[in-house]
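Written below as C-alpha cells is the structure these notes are about.
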Amino acid sequence: MALIRQRKLTKQQIRRIDKQQLASQDSIDDSLMDGVVMAHYGKQLEVQVTSLPAVIPEKPEVAPDDPEPFWQTLELGDIWRCHVRTNLPMLAAGDQVRWSADSNTGFGRIESVKPRTSLVSRPDRYHKLKPVAANVDILAIVFAPLPAAAPTLIDRYLVVCHHAGVKPLLVLNKADLLAQENGVDTSELLAQYAALGYESVLTSVDCPENIANSNEQEGLDELKHYIDKKLVIFAGQSGVGKSSLINALLPDSGQSVNVISENSQLGQHTTTTSRLLPFNPADLTQGGIVDTPGIREYGIWHLSPDDIISGFVELAPLAGDCQFRDCRHTHNSKGCALWQAVADGEVLQRRVENLVTLREEADTKPY
C-alpha cells in the first residue's frame, strides 16, 4: 500500500492559508446579525431582526434593458422566514439567534442559538419532546369557572413550571361567574393554591364583543403589572379565554376566538402554532406573550419521579420521611408520610392523588 505523504508547506504558504481562513471567517461574521424566533412553521421559522450585520448587502446595479431582480431589503424589526443549520437543536419562539440573510431570495439561515435562560417543552403527537417556548419568565395558567377548572391540569402545569425554571401565575378568568353556583368550587380551589404560596390574578374577559368594553376587563391592569417587560406563556384548557385575554392585552394581535361548545361545555381549539406576540414590536426587550396551541393534556413522561414530586412544593419536603425510600405514595403505601399528612389535615388529599397520577403517567412510556 503506497504511503500518502503530507505535503510540506512553506511558512509563507501557511501564513497565506491562515490569512484566507481568517478573512473567510470575518466575512461570515460580518454578515451575521441578532434575531428572535417569533414563530415556528415546520422546517422554517419566523425571525425578527434585532440588530443589523456589520456589512449590509447592497442591491446590485441593473442595466437599463435588464429585468428588475428580486431584492429583499434588511431593516430592524423586519420578519424573515429562515431555515436552520442541521446541527442546531430544535428551536422555539423566544429563542435568541445569530443568523444571516440572503436578500436575493428573501430567506435567512440561523447559524447559532444563544444560551437559554429557560425552556418549556412538551411531547408532540409522535411522543417526541418538542420545545414550546424559550427564555420564558412567567407561565400564566389560565382557568375559569366555566368550563370547570381542572385541578389535575393546573398541578401538571405547576410541575412543568418548576422543572423549566419558570415562575407560575394563576389567572382566574371569567371571575364574574364566581357568583354563580359553580363558582364556589373555583373560589375554594383558588384559596387552596394561595395557601401554597402561588400568586393569582382575577380577570373578567370572555366574549369578543366585550373586549372593547372597559367594564368587561376587570383585573387587566393588575395582570399587566405582573407581566410587564416579561416573556409570558398563556396556557390552560381550551375555552377559558386565553385568546380573549391576549386580545384585551394586545388589541392588534388579532387572535382567533371561539365560543364554548354548548354540548360538551369544553372549549374549541383556536391556536395552531406557538407565536411570540411582543408588547412593543419595535423593542422585544419589553417582553411579550407566547401564544401556544390549546391543549387539554400536557405529557410529562420525560420527567423523573423526583422531577415530578419537586413540583409539589408542600409534598416534596415530606417524601424523605416515608418509611421506605422507594415509596410510591399510593393510598395503601405502608408508612407513607404524605398520606399521614393527609390524615393529619396538613396537606390536601387531591394533591397527593394528583402526584400519584402524574408519577404513574411518567412511568408509562409512550413507546
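To be explicit about the labels: the chains of the C-alpha cells are called A, B, and onward in the order shown, and within each one the residues are counted from 1, while ligands get numbers from 1 in the order they are shown.
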Discussion item. Please return, as number ranges by chain, all residues of range 34-219 of chain A that DSSP assigns to strand (DSSP E) on the basis of the backbone.
Written reply: A: 34-41, 44-49, 79-84, 96-102, 107-113, 119-123, 129-134, 138-143, 167-172, 200-202
Fill in: Contact residues around Arg328 in chain A with only C-alpha atoms at 12 Å, ignoring same-chain residues under 3 positions, as a list in words
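In the requested format, the answer is Pro305, Asp306, Ile309, Ala319, Gly320, Cys322, Gln323, Phe324, Arg325, His331, Asn332, Ser333, Lys334, Gly335, Cys336, Ala337, Leu338, Trp339, Val352, Glu353, Leu355, Val356, Thr357, Leu358, Arg359, Glu360 and Asp363 of chain A.
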Item to complete: Name all residues at most 12 Å from Ile154 in chain A (count only C-alpha atoms; drop same-chain ones fewer than 4 positions away) and give them as a ChimeraX atom specification.
Response: /A:139-144,148-150,158-161,168-172,189-190,193,198,235-237,296-298,311-312,351,354-355,358
Response to the item:
Correct to one decimal, the distance CA of Val84 in chain A-CA of Arg109 in chain A is 5.5 Å
Spatial neighbours of Gly94 in chain A, max dist 12 Å, only C-alpha atoms, sep filter under 5 positions, as a PDB file with N, CA, C and O atoms, in the first residue's frame:
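The result, stored in part22.pdb:
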```pdb
ATOM      1  N   GLY A  35     -31.289  38.082  16.156  1.00  0.00           N
ATOM      2  CA  GLY A  35     -32.717  37.982  15.895  1.00  0.00           C
ATOM      3  C   GLY A  35     -33.405  37.167  16.966  1.00  0.00           C
ATOM      4  O   GLY A  35     -32.757  36.504  17.781  1.00  0.00           O
ATOM      5  N   VAL A  36     -34.719  37.226  16.983  1.00  0.00           N
ATOM      6  CA  VAL A  36     -35.533  36.464  17.932  1.00  0.00           C
ATOM      7  C   VAL A  36     -36.546  35.652  17.138  1.00  0.00           C
ATOM      8  O   VAL A  36     -37.210  36.189  16.236  1.00  0.00           O
ATOM      9  N   VAL A  37     -36.660  34.365  17.462  1.00  0.00           N
ATOM     10  CA  VAL A  37     -37.632  33.496  16.795  1.00  0.00           C
ATOM     11  C   VAL A  37     -39.038  33.902  17.245  1.00  0.00           C
ATOM     12  O   VAL A  37     -39.339  33.907  18.443  1.00  0.00           O
ATOM     13  N   MET A  38     -39.884  34.227  16.275  1.00  0.00           N
ATOM     14  CA  MET A  38     -41.243  34.675  16.585  1.00  0.00           C
ATOM     15  C   MET A  38     -42.276  33.560  16.421  1.00  0.00           C
ATOM     16  O   MET A  38     -43.309  33.570  17.085  1.00  0.00           O
ATOM     17  N   ALA A  39     -42.006  32.627  15.503  1.00  0.00           N
ATOM     18  CA  ALA A  39     -42.949  31.526  15.268  1.00  0.00           C
ATOM     19  C   ALA A  39     -42.226  30.407  14.552  1.00  0.00           C
ATOM     20  O   ALA A  39     -41.169  30.605  13.940  1.00  0.00           O
ATOM     21  N   HIS A  40     -42.796  29.204  14.643  1.00  0.00           N
ATOM     22  CA  HIS A  40     -42.200  28.007  14.048  1.00  0.00           C
ATOM     23  C   HIS A  40     -43.205  27.404  13.070  1.00  0.00           C
ATOM     24  O   HIS A  40     -44.344  27.140  13.420  1.00  0.00           O
ATOM     25  N   LEU A  45     -38.737  29.005  10.241  1.00  0.00           N
ATOM     26  CA  LEU A  45     -39.087  29.820  11.385  1.00  0.00           C
ATOM     27  C   LEU A  45     -39.173  31.280  10.971  1.00  0.00           C
ATOM     28  O   LEU A  45     -38.514  31.697  10.018  1.00  0.00           O
ATOM     29  N   GLU A  46     -39.994  32.032  11.689  1.00  0.00           N
ATOM     30  CA  GLU A  46     -40.029  33.473  11.506  1.00  0.00           C
ATOM     31  C   GLU A  46     -39.081  34.104  12.516  1.00  0.00           C
ATOM     32  O   GLU A  46     -39.161  33.813  13.722  1.00  0.00           O
ATOM     33  N   VAL A  47     -38.186  34.954  12.029  1.00  0.00           N
ATOM     34  CA  VAL A  47     -37.200  35.603  12.888  1.00  0.00           C
ATOM     35  C   VAL A  47     -37.302  37.114  12.711  1.00  0.00           C
ATOM     36  O   VAL A  47     -37.343  37.609  11.577  1.00  0.00           O
ATOM     37  N   GLN A  48     -37.355  37.838  13.816  1.00  0.00           N
ATOM     38  CA  GLN A  48     -37.379  39.299  13.746  1.00  0.00           C
ATOM     39  C   GLN A  48     -35.962  39.827  13.877  1.00  0.00           C
ATOM     40  O   GLN A  48     -35.186  39.396  14.733  1.00  0.00           O
ATOM     41  N   VAL A 113     -27.611  29.501  18.161  1.00  0.00           N
ATOM     42  CA  VAL A 113     -28.614  29.928  19.139  1.00  0.00           C
ATOM     43  C   VAL A 113     -27.895  30.312  20.423  1.00  0.00           C
ATOM     44  O   VAL A 113     -26.955  29.638  20.850  1.00  0.00           O
ATOM     45  N   LYS A 114     -28.306  31.392  21.033  1.00  0.00           N
ATOM     46  CA  LYS A 114     -27.684  31.850  22.270  1.00  0.00           C
ATOM     47  C   LYS A 114     -28.176  31.014  23.449  1.00  0.00           C
ATOM     48  O   LYS A 114     -29.259  30.420  23.399  1.00  0.00           O
ATOM     49  N   PRO A 115     -27.393  30.964  24.529  1.00  0.00           N
ATOM     50  CA  PRO A 115     -27.809  30.191  25.713  1.00  0.00           C
ATOM     51  C   PRO A 115     -29.180  30.631  26.208  1.00  0.00           C
ATOM     52  O   PRO A 115     -29.488  31.826  26.259  1.00  0.00           O
ATOM     53  N   ARG A 116     -30.006  29.644  26.587  1.00  0.00           N
ATOM     54  CA  ARG A 116     -31.365  29.930  27.038  1.00  0.00           C
ATOM     55  C   ARG A 116     -31.407  30.101  28.556  1.00  0.00           C
ATOM     56  O   ARG A 116     -30.691  29.412  29.287  1.00  0.00           O
ATOM     57  N   THR A 117     -32.271  30.980  29.023  1.00  0.00           N
ATOM     58  CA  THR A 117     -32.490  31.117  30.460  1.00  0.00           C
ATOM     59  C   THR A 117     -33.529  30.129  30.953  1.00  0.00           C
ATOM     60  O   THR A 117     -33.555  29.780  32.131  1.00  0.00           O
ATOM     61  N   SER A 118     -34.406  29.678  30.073  1.00  0.00           N
ATOM     62  CA  SER A 118     -35.422  28.677  30.403  1.00  0.00           C
ATOM     63  C   SER A 118     -35.933  28.061  29.104  1.00  0.00           C
ATOM     64  O   SER A 118     -35.779  28.642  28.028  1.00  0.00           O
ATOM     65  N   LEU A 119     -36.532  26.888  29.229  1.00  0.00           N
ATOM     66  CA  LEU A 119     -37.104  26.222  28.060  1.00  0.00           C
ATOM     67  C   LEU A 119     -38.301  25.396  28.498  1.00  0.00           C
ATOM     68  O   LEU A 119     -38.183  24.507  29.350  1.00  0.00           O
ATOM     69  N   VAL A 120     -39.452  25.700  27.936  1.00  0.00           N
ATOM     70  CA  VAL A 120     -40.668  24.936  28.195  1.00  0.00           C
ATOM     71  C   VAL A 120     -40.873  23.991  27.014  1.00  0.00           C
ATOM     72  O   VAL A 120     -40.937  24.435  25.861  1.00  0.00           O
ATOM     73  N   PRO A 131     -39.823  21.662  21.947  1.00  0.00           N
ATOM     74  CA  PRO A 131     -39.810  22.940  22.680  1.00  0.00           C
ATOM     75  C   PRO A 131     -41.011  23.794  22.299  1.00  0.00           C
ATOM     76  O   PRO A 131     -41.372  23.891  21.127  1.00  0.00           O
ATOM     77  N   VAL A 132     -41.614  24.411  23.288  1.00  0.00           N
ATOM     78  CA  VAL A 132     -42.766  25.295  23.073  1.00  0.00           C
ATOM     79  C   VAL A 132     -42.331  26.752  23.047  1.00  0.00           C
ATOM     80  O   VAL A 132     -42.741  27.522  22.190  1.00  0.00           O
ATOM     81  N   ALA A 133     -41.475  27.112  24.001  1.00  0.00           N
ATOM     82  CA  ALA A 133     -41.008  28.496  24.082  1.00  0.00           C
ATOM     83  C   ALA A 133     -39.713  28.543  24.881  1.00  0.00           C
ATOM     84  O   ALA A 133     -39.519  27.756  25.813  1.00  0.00           O
ATOM     85  N   ALA A 134     -38.849  29.476  24.515  1.00  0.00           N
ATOM     86  CA  ALA A 134     -37.558  29.627  25.186  1.00  0.00           C
ATOM     87  C   ALA A 134     -37.477  30.993  25.860  1.00  0.00           C
ATOM     88  O   ALA A 134     -38.150  31.941  25.445  1.00  0.00           O
ATOM     89  N   ASN A 135     -36.641  31.067  26.895  1.00  0.00           N
ATOM     90  CA  ASN A 135     -36.387  32.321  27.623  1.00  0.00           C
ATOM     91  C   ASN A 135     -37.664  32.908  28.226  1.00  0.00           C
ATOM     92  O   ASN A 135     -37.841  34.133  28.287  1.00  0.00           O
ATOM     93  N   VAL A 136     -38.551  32.020  28.680  1.00  0.00           N
ATOM     94  CA  VAL A 136     -39.824  32.441  29.258  1.00  0.00           C
ATOM     95  C   VAL A 136     -39.616  32.837  30.719  1.00  0.00           C
ATOM     96  O   VAL A 136     -38.872  32.184  31.453  1.00  0.00           O
ATOM     97  N   ASP A 137     -40.276  33.914  31.151  1.00  0.00           N
ATOM     98  CA  ASP A 137     -40.199  34.364  32.544  1.00  0.00           C
ATOM     99  C   ASP A 137     -41.368  33.848  33.371  1.00  0.00           C
ATOM    100  O   ASP A 137     -41.191  33.453  34.525  1.00  0.00           O
ATOM    101  N   LYS A 230     -41.935  41.153  30.694  1.00  0.00           N
ATOM    102  CA  LYS A 230     -41.668  39.730  30.852  1.00  0.00           C
ATOM    103  C   LYS A 230     -42.128  38.981  29.605  1.00  0.00           C
ATOM    104  O   LYS A 230     -43.030  39.427  28.892  1.00  0.00           O
ATOM    105  N   LEU A 231     -41.480  37.838  29.348  1.00  0.00           N
ATOM    106  CA  LEU A 231     -41.946  36.945  28.293  1.00  0.00           C
ATOM    107  C   LEU A 231     -42.832  35.904  28.950  1.00  0.00           C
ATOM    108  O   LEU A 231     -42.399  35.199  29.875  1.00  0.00           O
ATOM    109  N   VAL A 232     -44.069  35.819  28.479  1.00  0.00           N
ATOM    110  CA  VAL A 232     -45.097  35.057  29.186  1.00  0.00           C
ATOM    111  C   VAL A 232     -45.735  34.026  28.256  1.00  0.00           C
ATOM    112  O   VAL A 232     -45.956  34.301  27.066  1.00  0.00           O
ATOM    113  N   ILE A 233     -46.027  32.851  28.805  1.00  0.00           N
ATOM    114  CA  ILE A 233     -46.852  31.866  28.116  1.00  0.00           C
ATOM    115  C   ILE A 233     -48.227  31.873  28.770  1.00  0.00           C
ATOM    116  O   ILE A 233     -48.339  31.850  29.998  1.00  0.00           O
ATOM    117  N   SER A 274     -47.258  27.981  18.039  1.00  0.00           N
ATOM    118  CA  SER A 274     -46.759  28.930  19.032  1.00  0.00           C
ATOM    119  C   SER A 274     -46.225  30.171  18.332  1.00  0.00           C
ATOM    120  O   SER A 274     -45.488  30.075  17.356  1.00  0.00           O
ATOM    121  N   ARG A 275     -46.582  31.325  18.862  1.00  0.00           N
ATOM    122  CA  ARG A 275     -46.167  32.588  18.247  1.00  0.00           C
ATOM    123  C   ARG A 275     -45.878  33.603  19.347  1.00  0.00           C
ATOM    124  O   ARG A 275     -46.607  33.702  20.325  1.00  0.00           O
ATOM    125  N   LEU A 276     -44.792  34.355  19.168  1.00  0.00           N
ATOM    126  CA  LEU A 276     -44.444  35.410  20.117  1.00  0.00           C
ATOM    127  C   LEU A 276     -45.131  36.698  19.688  1.00  0.00           C
ATOM    128  O   LEU A 276     -44.921  37.185  18.581  1.00  0.00           O
ATOM    129  N   LEU A 277     -45.932  37.236  20.583  1.00  0.00           N
ATOM    130  CA  LEU A 277     -46.645  38.495  20.342  1.00  0.00           C
ATOM    131  C   LEU A 277     -46.031  39.553  21.248  1.00  0.00           C
ATOM    132  O   LEU A 277     -46.271  39.571  22.456  1.00  0.00           O
ATOM    133  N   PRO A 278     -45.192  40.443  20.717  1.00  0.00           N
ATOM    134  CA  PRO A 278     -44.468  41.398  21.553  1.00  0.00           C
ATOM    135  C   PRO A 278     -45.356  42.516  22.085  1.00  0.00           C
ATOM    136  O   PRO A 278     -46.301  42.941  21.419  1.00  0.00           O
ATOM    137  N   LEU A 284     -38.163  44.231  21.430  1.00  0.00           N
ATOM    138  CA  LEU A 284     -38.523  42.938  22.001  1.00  0.00           C
ATOM    139  C   LEU A 284     -38.039  42.778  23.433  1.00  0.00           C
ATOM    140  O   LEU A 284     -38.465  41.845  24.124  1.00  0.00           O
ATOM    141  N   THR A 285     -37.156  43.674  23.911  1.00  0.00           N
ATOM    142  CA  THR A 285     -36.726  43.586  25.304  1.00  0.00           C
ATOM    143  C   THR A 285     -37.845  43.978  26.264  1.00  0.00           C
ATOM    144  O   THR A 285     -37.722  43.771  27.479  1.00  0.00           O
ATOM    145  N   GLY A 287     -40.603  42.528  26.370  1.00  0.00           N
ATOM    146  CA  GLY A 287     -41.368  41.324  26.663  1.00  0.00           C
ATOM    147  C   GLY A 287     -42.500  41.090  25.689  1.00  0.00           C
ATOM    148  O   GLY A 287     -42.651  41.794  24.692  1.00  0.00           O
ATOM    149  N   GLY A 288     -43.308  40.095  26.009  1.00  0.00           N
ATOM    150  CA  GLY A 288     -44.422  39.756  25.136  1.00  0.00           C
ATOM    151  C   GLY A 288     -45.082  38.472  25.599  1.00  0.00           C
ATOM    152  O   GLY A 288     -44.770  37.926  26.669  1.00  0.00           O
ATOM    153  N   ILE A 289     -46.003  38.009  24.796  1.00  0.00           N
ATOM    154  CA  ILE A 289     -46.777  36.805  25.107  1.00  0.00           C
ATOM    155  C   ILE A 289     -46.492  35.740  24.052  1.00  0.00           C
ATOM    156  O   ILE A 289     -46.534  36.025  22.856  1.00  0.00           O
ATOM    157  N   VAL A 290     -46.163  34.535  24.498  1.00  0.00           N
ATOM    158  CA  VAL A 290     -46.044  33.409  23.582  1.00  0.00           C
ATOM    159  C   VAL A 290     -47.369  32.665  23.618  1.00  0.00           C
ATOM    160  O   VAL A 290     -47.701  32.026  24.617  1.00  0.00           O
ATOM    161  N   ASP A 291     -48.134  32.801  22.561  1.00  0.00           N
ATOM    162  CA  ASP A 291     -49.434  32.134  22.476  1.00  0.00           C
ATOM    163  C   ASP A 291     -49.207  30.712  21.979  1.00  0.00           C
ATOM    164  O   ASP A 291     -48.671  30.504  20.886  1.00  0.00           O
ATOM    165  N   THR A 292     -49.578  29.734  22.790  1.00  0.00           N
ATOM    166  CA  THR A 292     -49.312  28.332  22.473  1.00  0.00           C
ATOM    167  C   THR A 292     -50.591  27.625  22.043  1.00  0.00           C
ATOM    168  O   THR A 292     -51.690  28.046  22.389  1.00  0.00           O
TER     169      THR A 292
END
```
Discussion item. Just the number, please: distance in Å from CA of Leu202 in chain A to CA of Pro145 in chain A, one decimal.
Written reply: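 Straight-line distance from CA of Leu202 in chain A to CA of Pro145 in chain A works out to 11.5 Å.
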Worksheet item: So which bits of range 118-169 of chain A end up helix (DSSP H, G or I) when you DSSP the backbone, as a ChimeraX atom specification?
Response: /A:151-164
Worksheet item: Distance CA of Leu146 in chain A-CA of Leu245 in chain A, one decimal place?
Response: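 Interatomic distance here is 15.1 Å.
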Worksheet entry | Of the listed residues A:Glu199, A:Asp307, A:Asp252, A:Asp155, that which approaches Arg350 in chain A most closely, counting only C-alpha atoms |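 That would be A:Asp155, the residue with the smallest distance to Arg350 in chain A.
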Discussion item. Would you pick out the contacts of Arg98 in chain A at 7 Å or less, using only C-alpha atoms, so that residues sharing its chain but fewer than 3 positions from it are not included, and give the list as an NGL selection string?
Written reply: :A and (32-35 or 110-113)
Taking N, CA, C and O atoms for each residue, export the selection above as an mmCIF file, in the first residue's frame.
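Contents of the output file result_6.cif:
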```cif
data_model
loop_
_atom_site.group_PDB
_atom_site.id
_atom_site.type_symbol
_atom_site.label_atom_id
_atom_site.label_comp_id
_atom_site.auth_asym_id
_atom_site.auth_seq_id
_atom_site.Cartn_x
_atom_site.Cartn_y
_atom_site.Cartn_z
ATOM 1 N N LEU A 32 -23.472 38.224 9.867
ATOM 2 C CA LEU A 32 -24.382 37.730 10.902
ATOM 3 C C LEU A 32 -25.029 38.873 11.662
ATOM 4 O O LEU A 32 -24.456 39.955 11.807
ATOM 5 N N MET A 33 -26.215 38.611 12.150
ATOM 6 C CA MET A 33 -26.948 39.597 12.945
ATOM 7 C C MET A 33 -27.754 38.871 14.010
ATOM 8 O O MET A 33 -27.894 37.648 13.991
ATOM 9 N N ASP A 34 -28.292 39.638 14.953
ATOM 10 C CA ASP A 34 -29.119 39.071 16.021
ATOM 11 C C ASP A 34 -30.578 39.039 15.592
ATOM 12 O O ASP A 34 -31.039 39.877 14.814
ATOM 13 N N GLY A 35 -31.289 38.082 16.156
ATOM 14 C CA GLY A 35 -32.717 37.982 15.895
ATOM 15 C C GLY A 35 -33.405 37.167 16.966
ATOM 16 O O GLY A 35 -32.757 36.504 17.781
ATOM 17 N N ILE A 110 -30.398 30.441 10.125
ATOM 18 C CA ILE A 110 -29.971 30.552 11.510
ATOM 19 C C ILE A 110 -28.685 29.752 11.687
ATOM 20 O O ILE A 110 -28.634 28.553 11.408
ATOM 21 N N GLU A 111 -27.647 30.452 12.155
ATOM 22 C CA GLU A 111 -26.332 29.830 12.284
ATOM 23 C C GLU A 111 -26.054 29.332 13.703
ATOM 24 O O GLU A 111 -25.331 28.358 13.890
ATOM 25 N N SER A 112 -26.605 29.991 14.710
ATOM 26 C CA SER A 112 -26.370 29.577 16.088
ATOM 27 C C SER A 112 -27.490 30.104 16.974
ATOM 28 O O SER A 112 -28.226 31.018 16.593
ATOM 29 N N VAL A 113 -27.611 29.501 18.161
ATOM 30 C CA VAL A 113 -28.614 29.928 19.139
ATOM 31 C C VAL A 113 -27.895 30.312 20.423
ATOM 32 O O VAL A 113 -26.955 29.638 20.850
#
```
Fill in: Selection near Phe70 in chain A, 10 Å with only C-alpha atoms, sequence-local residues under 6 positions removed, as number ranges by chain
A: 59, 103-106
